[in-house]
Structures are given as C-alpha cells and as structure tokens.
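Structure file entry20.cif (mmCIF, C-alpha atoms and all ligand atoms) follows.
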```cif
data_input
#
loop_
_atom_site.label_atom_id
_atom_site.label_comp_id
_atom_site.auth_asym_id
_atom_site.auth_seq_id
_atom_site.Cartn_x
_atom_site.Cartn_y
_atom_site.Cartn_z
CA MET A 1 -8.46 17.99 10.76
CA ASN A 2 -5.12 19.44 11.76
CA SER A 3 -2.84 17.01 9.91
CA ILE A 4 0.58 17.52 8.33
CA PHE A 5 -0.15 14.52 6.06
CA LEU A 6 -3.41 15.95 4.67
CA ASP A 7 -2.06 19.52 4.59
CA THR A 8 0.91 18.41 2.48
CA ILE A 9 -1.35 16.58 0.06
CA LYS A 10 -3.47 19.71 -0.29
CA GLY A 11 -0.41 21.85 -0.99
CA LYS A 12 -0.09 23.52 2.42
CA THR A 13 3.52 22.99 3.42
CA HIS A 14 5.10 22.55 6.83
CA ASN A 15 8.70 22.74 7.97
CA ARG A 16 9.20 19.00 7.37
CA PRO A 17 7.69 16.24 5.20
CA PRO A 18 4.98 14.06 6.75
CA VAL A 19 5.99 10.47 7.46
CA TRP A 20 4.25 7.09 7.54
CA PHE A 21 5.47 3.63 6.53
CA MET A 22 4.08 0.90 4.36
CA ARG A 23 3.39 -2.18 6.53
CA GLN A 24 3.82 -0.08 9.65
CA ALA A 25 1.15 -1.95 11.59
CA GLY A 26 2.40 -5.51 11.22
CA ARG A 27 5.98 -6.77 11.13
CA VAL A 28 8.09 -4.42 13.29
CA LEU A 29 6.32 -3.25 16.41
CA PRO A 30 7.00 -5.27 19.58
CA SER A 31 3.44 -4.36 20.63
CA TYR A 32 2.11 -6.01 17.44
CA LEU A 33 4.33 -9.07 17.79
CA ALA A 34 3.04 -9.53 21.36
CA LEU A 35 -0.56 -9.51 20.09
CA LYS A 36 0.42 -12.03 17.42
CA ASP A 37 1.39 -14.47 20.15
CA LYS A 38 -2.19 -14.32 21.42
CA TYR A 39 -4.28 -14.01 18.26
CA THR A 40 -4.10 -15.18 14.67
CA PHE A 41 -3.87 -12.64 11.86
CA ARG A 42 -7.44 -13.54 10.85
CA GLU A 43 -8.72 -12.88 14.37
CA MET A 44 -6.93 -9.55 14.52
CA MET A 45 -8.20 -8.33 11.18
CA ARG A 46 -11.81 -9.43 11.73
CA ASP A 47 -12.36 -8.17 15.28
CA PRO A 48 -13.11 -4.41 15.06
CA ASN A 49 -11.57 -3.63 18.45
CA LEU A 50 -8.40 -5.61 17.82
CA ALA A 51 -8.02 -4.36 14.23
CA ALA A 52 -8.52 -0.77 15.40
CA GLU A 53 -5.98 -1.26 18.16
CA VAL A 54 -3.39 -2.65 15.71
CA THR A 55 -4.11 0.12 13.18
CA LEU A 56 -3.35 2.74 15.83
CA LEU A 57 -0.23 1.10 17.36
CA PRO A 58 2.20 2.87 14.98
CA ILE A 59 0.70 6.25 15.91
CA LYS A 60 1.48 5.58 19.54
CA ASP A 61 4.77 3.68 19.17
CA LEU A 62 6.42 5.32 16.15
CA GLY A 63 4.67 8.69 16.15
CA VAL A 64 3.89 8.52 12.42
CA ASP A 65 1.60 11.11 10.82
CA ALA A 66 -1.06 8.74 9.42
CA ALA A 67 -2.59 5.35 10.23
CA ILE A 68 -3.26 2.66 7.62
CA LEU A 69 -6.17 0.27 7.97
CA PHE A 70 -5.14 -3.13 9.34
CA SER A 71 -6.36 -5.55 6.69
CA ASP A 72 -4.89 -7.19 3.58
CA ILE A 73 -5.03 -6.82 -0.19
CA LEU A 74 -6.24 -10.43 -0.51
CA VAL A 75 -9.67 -9.69 0.99
CA ILE A 76 -10.81 -8.97 -2.59
CA PRO A 77 -10.11 -12.47 -4.00
CA ASN A 78 -11.61 -13.87 -0.82
CA ALA A 79 -14.79 -11.88 -1.47
CA MET A 80 -14.80 -13.35 -5.01
CA GLY A 81 -15.22 -16.84 -3.57
CA MET A 82 -11.58 -17.93 -3.61
CA GLY A 83 -11.44 -19.38 -0.10
CA LEU A 84 -8.42 -17.67 1.47
CA GLU A 85 -6.56 -18.86 4.53
CA PHE A 86 -3.67 -17.10 6.24
CA THR A 87 -1.26 -19.84 7.36
CA ASP A 88 2.11 -19.56 9.10
CA ASN A 89 3.69 -19.67 5.66
CA GLY A 90 1.55 -16.89 4.25
CA PRO A 91 -1.78 -16.68 2.45
CA VAL A 92 -3.12 -19.83 0.76
CA PHE A 93 -6.07 -20.10 -1.63
CA GLU A 94 -8.22 -23.22 -1.81
CA LYS A 95 -7.67 -23.43 -5.55
CA PRO A 96 -5.45 -20.95 -7.41
CA LEU A 97 -6.94 -20.10 -10.82
CA LYS A 98 -4.04 -21.72 -12.72
CA ASP A 99 -5.62 -25.06 -11.77
CA VAL A 100 -9.15 -24.08 -12.79
CA GLU A 101 -10.91 -24.55 -16.15
CA SER A 102 -12.59 -21.28 -17.40
CA PRO A 103 -11.65 -19.46 -14.18
CA PHE A 104 -13.63 -16.29 -14.84
CA SER A 105 -16.92 -18.19 -14.79
CA LYS A 106 -16.07 -19.69 -11.38
CA LEU A 107 -15.62 -16.33 -9.65
CA ASN A 108 -18.49 -15.23 -7.52
CA PRO A 109 -18.07 -11.65 -6.23
CA ASP A 110 -20.03 -11.01 -3.06
CA SER A 111 -19.36 -7.54 -1.69
CA ALA A 112 -21.13 -8.38 1.61
CA LYS A 113 -18.02 -10.40 2.51
CA LEU A 114 -16.19 -7.09 2.95
CA ASN A 115 -18.76 -5.62 5.34
CA TYR A 116 -16.80 -6.44 8.50
CA ILE A 117 -14.06 -4.08 7.29
CA TYR A 118 -16.44 -1.10 7.42
CA ASP A 119 -17.09 -1.92 11.09
CA VAL A 120 -13.31 -1.89 11.58
CA ILE A 121 -13.09 1.55 9.93
CA ASP A 122 -15.93 2.91 12.10
CA THR A 123 -14.17 1.63 15.23
CA ILE A 124 -10.82 3.16 14.21
CA ILE A 125 -12.50 6.50 13.61
CA GLU A 126 -14.19 6.34 16.97
CA LYS A 127 -10.97 5.46 18.81
CA ARG A 128 -8.26 7.34 16.94
CA PRO A 129 -6.35 10.13 18.63
CA LYS A 130 -7.51 13.52 17.41
CA ASP A 131 -6.04 14.63 14.07
CA THR A 132 -4.93 11.14 12.98
CA PRO A 133 -5.79 10.61 9.32
CA LEU A 134 -6.74 7.09 8.24
CA ILE A 135 -5.49 5.63 4.95
CA GLY A 136 -7.66 2.96 3.32
CA PHE A 137 -6.22 0.67 0.67
CA CYS A 138 -6.57 -2.23 -1.68
CA GLY A 139 -4.29 -4.15 -4.03
CA GLY A 140 -3.65 -3.20 -7.64
CA PRO A 141 -5.26 -5.43 -10.27
CA LEU A 142 -2.02 -7.08 -11.39
CA THR A 143 -0.80 -7.83 -7.88
CA VAL A 144 -4.15 -9.21 -6.77
CA MET A 145 -4.37 -11.39 -9.89
CA CYS A 146 -0.83 -12.71 -9.39
CA TYR A 147 -1.99 -14.23 -6.09
CA MET A 148 -5.35 -15.35 -7.52
CA ILE A 149 -3.75 -17.21 -10.41
CA GLN A 150 -0.52 -18.46 -8.84
CA GLY A 151 -1.33 -18.65 -5.17
CA LEU A 152 1.78 -17.85 -3.14
CA SER A 153 5.02 -17.53 -5.10
CA THR A 154 7.95 -17.85 -2.73
CA ASN A 155 10.35 -15.70 -4.72
CA HIS A 156 7.58 -13.35 -5.92
CA SER A 157 8.16 -14.13 -9.59
CA PHE A 158 4.63 -15.51 -10.22
CA PRO A 159 5.63 -17.38 -13.41
CA ASP A 160 2.25 -19.04 -14.01
CA ALA A 161 0.38 -15.79 -13.49
CA VAL A 162 2.51 -13.93 -16.06
CA LYS A 163 2.15 -16.86 -18.47
CA PHE A 164 -1.61 -16.67 -17.96
CA PHE A 165 -1.72 -12.94 -18.87
CA TYR A 166 -0.04 -13.66 -22.22
CA LYS A 167 -1.77 -16.93 -23.00
CA ASN A 168 -5.32 -16.08 -21.99
CA LYS A 169 -5.66 -12.40 -22.73
CA SER A 170 -9.43 -12.21 -23.07
CA GLU A 171 -9.94 -14.24 -19.88
CA THR A 172 -7.37 -11.95 -18.18
CA LYS A 173 -9.33 -8.87 -19.24
CA LYS A 174 -12.57 -10.29 -17.85
CA ILE A 175 -10.95 -11.09 -14.51
CA ILE A 176 -9.33 -7.63 -14.36
CA GLU A 177 -12.75 -6.08 -14.89
CA ALA A 178 -14.32 -8.18 -12.13
CA VAL A 179 -11.49 -7.35 -9.68
CA THR A 180 -11.75 -3.67 -10.62
CA ASN A 181 -15.52 -3.49 -10.17
CA LEU A 182 -15.33 -5.01 -6.71
CA SER A 183 -12.33 -2.84 -5.79
CA VAL A 184 -14.16 0.32 -6.88
CA GLU A 185 -17.14 -0.64 -4.75
CA TYR A 186 -14.76 -1.35 -1.85
CA LEU A 187 -13.06 2.04 -2.27
CA ASN A 188 -16.44 3.81 -2.41
CA LYS A 189 -17.59 2.18 0.80
CA GLN A 190 -14.31 2.89 2.58
CA ALA A 191 -14.83 6.53 1.55
CA ASP A 192 -18.43 6.48 2.83
CA HIS A 193 -17.04 5.27 6.16
CA LYS A 194 -14.73 8.29 6.18
CA ILE A 195 -11.21 7.20 5.36
CA ASP A 196 -9.04 10.27 4.67
CA ALA A 197 -6.87 8.94 1.81
CA PHE A 198 -6.53 5.75 -0.24
CA GLN A 199 -3.49 3.82 -1.46
CA LEU A 200 -3.44 1.29 -4.28
CA PHE A 201 -0.63 -1.26 -3.65
CA GLU A 202 0.58 -2.48 -7.04
CA THR A 203 3.57 -4.32 -5.56
CA HIS A 204 4.29 -6.51 -8.58
CA ALA A 205 3.93 -3.93 -11.39
CA GLY A 206 7.51 -4.72 -12.43
CA LEU A 207 6.65 -8.30 -13.49
CA VAL A 208 5.43 -7.25 -16.95
CA PRO A 209 6.76 -4.75 -19.51
CA VAL A 210 5.48 -1.19 -19.18
CA ASP A 211 3.41 -1.44 -22.37
CA VAL A 212 1.67 -4.59 -21.15
CA TYR A 213 0.85 -2.87 -17.87
CA LYS A 214 -0.38 0.12 -19.80
CA GLU A 215 -2.69 -1.87 -22.03
CA LEU A 216 -4.12 -4.35 -19.54
CA PHE A 217 -3.96 -2.81 -16.08
CA LEU A 218 -3.65 0.96 -16.26
CA PRO A 219 -7.30 1.47 -17.37
CA SER A 220 -8.30 -0.16 -14.11
CA VAL A 221 -6.12 2.28 -12.11
CA LYS A 222 -7.84 5.12 -13.94
CA LYS A 223 -11.27 3.85 -12.89
CA MET A 224 -10.17 3.61 -9.27
CA ALA A 225 -8.66 7.10 -9.36
CA ALA A 226 -11.88 8.49 -10.85
CA ALA A 227 -13.91 6.85 -8.08
CA ALA A 228 -11.61 8.35 -5.42
CA ARG A 229 -11.89 11.76 -7.04
CA ASP A 230 -15.70 11.55 -7.04
CA LYS A 231 -15.51 10.92 -3.30
CA ASN A 232 -12.94 13.67 -2.79
CA ILE A 233 -10.39 11.21 -1.38
CA PRO A 234 -6.68 11.69 -2.23
CA PHE A 235 -5.46 8.68 -4.23
CA ILE A 236 -1.90 7.34 -3.91
CA PHE A 237 -0.73 4.80 -6.51
CA PHE A 238 2.28 2.63 -5.61
CA PRO A 239 3.45 0.70 -8.71
CA LYS A 240 6.60 -1.06 -7.51
CA GLY A 241 9.19 -1.72 -10.21
CA PHE A 242 7.33 0.38 -12.79
CA SER A 243 10.60 2.11 -13.85
CA THR A 244 10.06 4.41 -16.85
CA GLY A 245 6.33 3.62 -16.69
CA LEU A 246 6.28 6.47 -14.16
CA ARG A 247 6.18 8.77 -17.20
CA LEU A 248 2.71 7.49 -18.06
CA LEU A 249 1.21 8.66 -14.81
CA THR A 250 -0.84 11.82 -15.20
CA PRO A 251 -3.48 13.31 -12.89
CA GLU A 252 -6.13 10.98 -14.35
CA TYR A 253 -4.35 8.04 -12.70
CA CYS A 254 -3.60 9.40 -9.23
CA ASP A 255 -2.84 12.39 -7.03
CA TYR A 256 0.34 10.88 -5.56
CA VAL A 257 2.83 8.31 -6.78
CA GLY A 258 4.58 5.94 -4.36
CA ILE A 259 8.19 5.54 -5.50
CA ASP A 260 10.06 2.25 -4.96
CA TRP A 261 13.69 1.96 -3.83
CA GLN A 262 14.92 0.83 -7.26
CA ILE A 263 14.96 4.36 -8.61
CA GLU A 264 16.62 7.48 -7.19
CA ILE A 265 14.04 9.83 -5.79
CA GLU A 266 15.40 12.81 -7.77
CA GLU A 267 15.09 10.84 -11.04
CA ALA A 268 11.58 9.71 -10.14
CA GLY A 269 10.73 13.34 -9.49
CA LYS A 270 11.76 14.16 -13.06
CA LEU A 271 9.74 11.31 -14.59
CA VAL A 272 6.51 11.92 -12.70
CA HIS A 273 4.01 14.51 -13.98
CA SER A 274 4.56 17.92 -12.39
CA GLU A 275 1.06 18.08 -10.88
CA LEU A 276 1.50 14.83 -8.95
CA GLY A 277 2.93 14.47 -5.47
CA ILE A 278 5.61 11.94 -4.58
CA GLN A 279 5.86 9.47 -1.71
CA GLY A 280 8.82 7.27 -0.84
CA ASN A 281 11.39 5.79 -1.25
CA LEU A 282 13.85 4.59 1.42
CA ASP A 283 15.09 1.03 0.99
CA PRO A 284 13.55 -0.81 3.98
CA ARG A 285 16.64 -3.05 4.18
CA LEU A 286 18.75 -0.04 5.14
CA LEU A 287 17.19 -0.49 8.57
CA TYR A 288 19.39 -3.54 9.10
CA ALA A 289 22.44 -1.27 9.08
CA ASP A 290 23.64 0.60 12.16
CA GLN A 291 22.28 4.01 12.94
CA THR A 292 25.30 6.02 11.74
CA VAL A 293 24.97 4.37 8.30
CA ILE A 294 21.22 4.97 8.34
CA GLU A 295 21.71 8.62 9.21
CA ASN A 296 24.30 9.16 6.47
CA THR A 297 21.89 7.78 3.88
CA LEU A 298 19.04 9.86 5.24
CA ASN A 299 21.03 13.07 4.96
CA LYS A 300 20.89 12.84 1.18
CA TYR A 301 17.11 13.29 1.41
CA ILE A 302 17.47 16.75 2.95
CA GLU A 303 18.14 18.43 -0.40
CA PHE A 304 15.17 16.68 -1.97
CA GLY A 305 12.89 17.53 0.92
CA LYS A 306 13.98 21.14 0.95
CA ASP A 307 12.84 21.65 -2.64
CA ASN A 308 9.93 19.21 -2.85
CA ARG A 309 7.34 20.45 -0.43
CA ASN A 310 4.62 18.07 -1.59
CA TRP A 311 6.74 15.00 -0.80
CA ILE A 312 5.60 12.41 1.76
CA PHE A 313 8.39 10.45 3.43
CA ASN A 314 7.90 6.68 3.24
CA LEU A 315 9.77 3.49 2.40
CA GLY A 316 10.31 2.19 -1.13
CA HIS A 317 8.48 -1.01 -0.11
CA GLY A 318 6.96 -2.22 3.17
CA PHE A 319 8.93 -2.93 6.33
CA ILE A 320 10.60 -6.35 6.19
CA PRO A 321 9.84 -8.86 8.96
CA GLY A 322 12.70 -8.86 11.47
CA THR A 323 13.54 -5.17 11.05
CA PRO A 324 14.95 -3.89 14.37
CA TYR A 325 12.27 -1.80 16.01
CA GLU A 326 14.83 0.70 17.42
CA ASN A 327 15.88 1.54 13.87
CA ALA A 328 12.30 2.05 12.71
CA LYS A 329 11.78 4.40 15.64
CA PHE A 330 15.10 6.13 14.93
CA LEU A 331 13.93 6.71 11.35
CA ALA A 332 10.56 8.19 12.32
CA ASP A 333 12.21 10.47 14.88
CA TRP A 334 14.88 11.51 12.40
CA VAL A 335 12.31 12.62 9.80
CA LYS A 336 10.42 14.58 12.41
CA ASN A 337 13.44 16.29 13.94
CA ALA A 338 15.83 16.87 11.04
CA ASN A 339 16.48 20.40 9.85
CA TRP A 340 14.78 20.38 6.45
CA LYS A 341 16.05 23.87 5.66
CA ARG A 342 12.61 25.09 4.66
CA ASP A 343 12.34 28.74 5.50
O1 LIG B 401 0.90 -2.08 8.15
C1 LIG B 401 0.30 -3.09 7.82
O2 LIG B 401 0.77 -4.24 7.92
C2 LIG B 401 -1.08 -2.80 7.34
C3 LIG B 401 -1.86 -3.85 6.78
C4 LIG B 401 -1.36 -4.61 5.55
C5 LIG B 401 -1.15 -6.02 5.56
N1 LIG B 401 -0.88 -6.41 4.27
C6 LIG B 401 -1.22 -6.88 6.73
C7 LIG B 401 -0.66 -8.26 6.69
C8 LIG B 401 -1.14 -4.15 4.26
C9 LIG B 401 -1.17 -2.72 3.73
C10 LIG B 401 -0.86 -5.29 3.44
C11 LIG B 401 -0.62 -5.23 1.99
C12 LIG B 401 -0.21 -6.44 1.25
N2 LIG B 401 -0.57 -7.75 1.50
C13 LIG B 401 0.58 -6.42 0.10
C14 LIG B 401 1.11 -5.18 -0.59
C15 LIG B 401 2.25 -4.53 0.10
C16 LIG B 401 3.51 -5.33 0.15
O3 LIG B 401 4.05 -5.49 1.26
O4 LIG B 401 3.98 -5.79 -0.90
C17 LIG B 401 0.74 -7.76 -0.33
C18 LIG B 401 1.52 -8.22 -1.55
C19 LIG B 401 0.00 -8.60 0.57
C20 LIG B 401 -0.18 -10.09 0.49
C21 LIG B 401 0.25 -10.80 1.70
N3 LIG B 401 -0.40 -10.75 2.92
C22 LIG B 401 1.37 -11.68 1.88
C23 LIG B 401 2.36 -12.03 0.80
C24 LIG B 401 1.37 -12.12 3.22
C25 LIG B 401 2.32 -13.10 3.90
C26 LIG B 401 3.60 -12.56 4.31
C27 LIG B 401 3.68 -11.14 4.79
O5 LIG B 401 3.81 -10.86 6.00
O6 LIG B 401 3.61 -10.27 3.94
C28 LIG B 401 0.28 -11.48 3.86
C29 LIG B 401 -0.11 -11.62 5.28
C30 LIG B 401 -0.16 -10.36 6.07
N4 LIG B 401 -0.78 -9.20 5.70
C31 LIG B 401 0.39 -10.16 7.36
C32 LIG B 401 0.07 -8.86 7.76
C33 LIG B 401 0.38 -8.19 9.08
C34 LIG B 401 1.17 -11.22 8.14
C35 LIG B 401 0.26 -12.08 8.91
C36 LIG B 401 0.96 -12.57 10.13
O7 LIG B 401 1.45 -11.72 10.89
O8 LIG B 401 0.98 -13.80 10.26
#
```
Please, can you express the file's structure as structure tokens?
Amino acid sequence: MNSIFLDTIKGKTHNRPPVWFMRQAGRVLPSYLALKDKYTFREMMRDPNLAAEVTLLPIKDLGVDAAILFSDILVIPNAMGMGLEFTDNGPVFEKPLKDVESPFSKLNPDSAKLNYIYDVIDTIIEKRPKDTPLIGFCGGPLTVMCYMIQGLSTNHSFPDAVKFFYKNKSETKKIIEAVTNLSVEYLNKQADHKIDAFQLFETHAGLVPVDVYKELFLPSVKKMAAAARDKNIPFIFFPKGFSTGLRLLTPEYCDYVGIDWQIEIEEAGKLVHSELGIQGNLDPRLLYADQTVIENTLNKYIEFGKDNRNWIFNLGHGFIPGTPYENAKFLADWVKNANWKRD
C-alpha cells in the first residue's frame, strides 16, 4: 500500500507528517451529522454499509491519511453481557458493576457478539479508496472498566470506579484479566480481517497514580502489544493524562505513543523511549479559536516536525462535539500543505 501513514510508521519518511484525528468520524463532519438525523448511532455502527460509509467520510471530507473503524470502545463490556444502550445522553449500562454483588462472577464474555464488527471491517476494505489504511481499536483496560463499574460519569472523574480499584483489588485483577482476554481476541480477529494498525484508547489513564497504573493495568497493555506484534500490526497506545508514566513505555508496550495535550510535545519526546514513535498532540479546543490563532499555534509544530520524522500529527484527545467543521478542515489542509523544512 502506498501510504504516508504506514510509511512513516515503518521509518520511511516523507516531506510532511501524516495526519489523522481521534474521533474524526463522528462529531464534526456535516456529512456525519446529516446521517445522524436519519439513523441512530447503534444503527450506524451495526449496519456494515452505513458503518463503512461513516468510517470513510473523513477520507473524503477532510483528506486525512488514515481511516479509523466506526465503532466504540464499549462493545467489549457489551460482549461481556453488560447490556449497553446508547441514549441521547451517552452510553448507559443496564447495571453498572458498582451495584452488583461479586461482579466478576456475573460477567459472561461471548466473543460472537463482536462478529458484526468483522463484517464492517470487510465492507470498509472492499469500499475504501485505494491506499487508505484502516486503524482498528479498542479501549484500554482502565477506561473500559471505569464505564463498566461506574456507568457514565458526567465529569469523567469516575469516583466509584477508582474506589473499587483500591477497595477490591483481587476482584479488579480478575475483571482486568477478563477484559484483556476478550480484547486480545478482538484485536486478533480485527487483524485477521486485515486492519493496518491498531490503537488502544486509554482515555482515563490519568485517574490513578502512575504506579497503580503500572501494577494493575500495564501488564494488560503488554499482552495486547504482544498480540499485535504477533500479527505484524503496528500498535499505538494512547494513555491520556499519563504524565511521567510515559517514561515506563518501552517497545514491549507499543510501537507508537499517543501524546495528550497536557504535556508539551517536545517534553513528551524526551520522556518516551527512543525506539518509539510519537503521535499527537494538538489541543482539540484550539479549534474553537479563529484561524489566525490556530495557525500561530500550529507554527510551533514545524520545528518538532522537522526533526521528528517518525511523528504522526493528531490531536491530544478526540474532536469535541460542536467543533466548527471549517476549522477541522483548515487544520488538515494546513498539515498537508505547510513547509515542514525537511530536505
Ligand atoms: O471517529 C470516531 O468517532 C470513530 C469511532 C469512535 C467512537 N467512539 C464513536 C462514538 C471511537 C474511536 C470512540 C472511542 C471512545 N468511546 C472513547 C475513547 C476516546 C475518547 O474520545 O475519549 C470513549 C471514552 C468512548 C465512550 C463513549 N462512547 C462515550 C463517552 C460516548 C458518549 C458521548 C460521546 O460522543 O463521546 C460514546 C458514544 C459515541 N461513540 C458516539 C460516537 C460517534 C456518539 C453517538 C452519537 O452520535 O449519538
């Protein structure tokens, strides 16, 4: 495949960084919002033709260098028997685990519940424009468990979930193992259906101290990275809010690290192991500013991009709902047309 995204990952550099955006399929595109008026999120993610269409919208509309599967991280708890519904207010579980006695024993992983997603992947691969790599994904163990235990937490602080990790450590470890086993199987099957790269979204890594993450959750990341490596799939780990935990990441945990907007990209570059690539880290809220302000902020990335040829341009967290589409488009065009001073 002739892809700037895959070339960069493999160490073959181009005259600019590749660009794609977390949450590029939902949230900002007028074409997506128009479909949302006609179909529910569940309908769009379960119908292979619709899901493939949505996955490919950002390629057409924004001109990004990679597509990401249109699905959600919460398909894993759903496949463990947790009865998930996507409502207008966000995802809701029938019974979050904080309200359940001996929750581990009530989980019932059934990998067949994920089968429809492999049909979606096959359809995307059939319909994608030539040379469009497809990124598969799932949620990190901590983030997935925050939702499983707490349900939705409006301010994303998940107090009962964090309490649960401290109070019920052995139960926590058993649930992590179950989530990891199903996630590894899910990654393997996505790879068998020919995704080109995989991202692990650990959005809430910053909720616990680095050493707690290291002890409880990092072994699970290592298992997922090993599975990706066995399948020869590049593995991107995005631990948002991980701060100095970035120092712990070595090639056994990932090939690429997604950097959040909390840390300066140059500092992240110093913390991350020299053999790993970096992706990130523009603050998605910058896109509420006007385009001269956006451009001024972007200019500071030129120096970084000139020297760091294995860097993938992305946001430091997903697009925010309500982001002006013109600014998202401006950003994608800017990355593709700027003079990156790479000679
Ligand atoms: O570009 C894409 O949007 C690709 C597909 C994608 C979705 N969710 C679709 C979705 C991806 C990669 C995700 C990841 C995801 N889901 C994360 C990690 C990344 C992040 O943004 O932090 C998390 C924490 C979730 C859980 C989740 N799913 C929440 C909290 C919500 C409700 C609010 C919202 O929009 O985030 C969802 C629903 C969801 N997932 C929607 C979409 C497009 C909105 C459904 C709708 O449009 O009604």
### Message
Which residues are near ligand LIG 401 (chain B) in this structure, taking near to mean any atom at most 9 Å from a ligand atom and counting only C-alpha atoms and all ligand atoms? Format them as number ranges by chain.
### Response
A: 21-27, 32-33, 36, 40-42, 45, 54-55, 58, 67-74, 86-91, 136-140, 143-144, 147, 152-154, 156, 199-204, 240, 317-321
### Task
Check the smallest atom-to-atom distance from each of A:Pro103, A:Pro239, A:Gly11, A:Pro133 to A:Phe164 using only C-alpha atoms, then report the winner.
A:Pro103
### Message
One decimal, in Å: what's the spacing between atom CA of A:Pro48 and atom CA of A:Asp110?
### Response
20.5 Å
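If you look at atom CA of A:Thr123 and atom CA of A:Asn188, they are 17.9 Å away from each other.
Here atom CA of A:Glu101 and atom CA of A:Gly206 stand 27.3 Å from one another.
Residue nearest A:Leu142 within the list A:Asn168, A:Leu187, A:Val221, A:Lys98: A:Val221 [criterion: smallest interatomic distance, only C-alpha atoms].
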#### Entry: Nearby residues (all atoms listed in the file) at most 7 Å from A:Asp131, same-chain spacing under 5 positions excluded, as a PyMOL selection string
chain A and resi 1-3
### Message
Just want the 10 Å neighbourhood of A:Pro209, counted on only C-alpha atoms, with same-chain residues fewer than 3 positions away dropped. Output as a PyMOL selection string.
### Response
chain A and resi 205-206+212-214+242-243+245
### Query
Between A:Gly322, A:Pro219, A:Pro284, A:Pro109, which one has atoms that come closest to A:Glu252, using all atoms listed in the file?
A:Pro219
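Every protein, DNA or RNA residue with an atom at most 8 Å from A:Tyr256, where all atoms listed in the file count and chain neighbours fewer than 3 positions away do not, is listed here: Pro234, Phe235, Ile236, Phe237, Leu276, Gly277, Ile278 and Gln279 of chain A.
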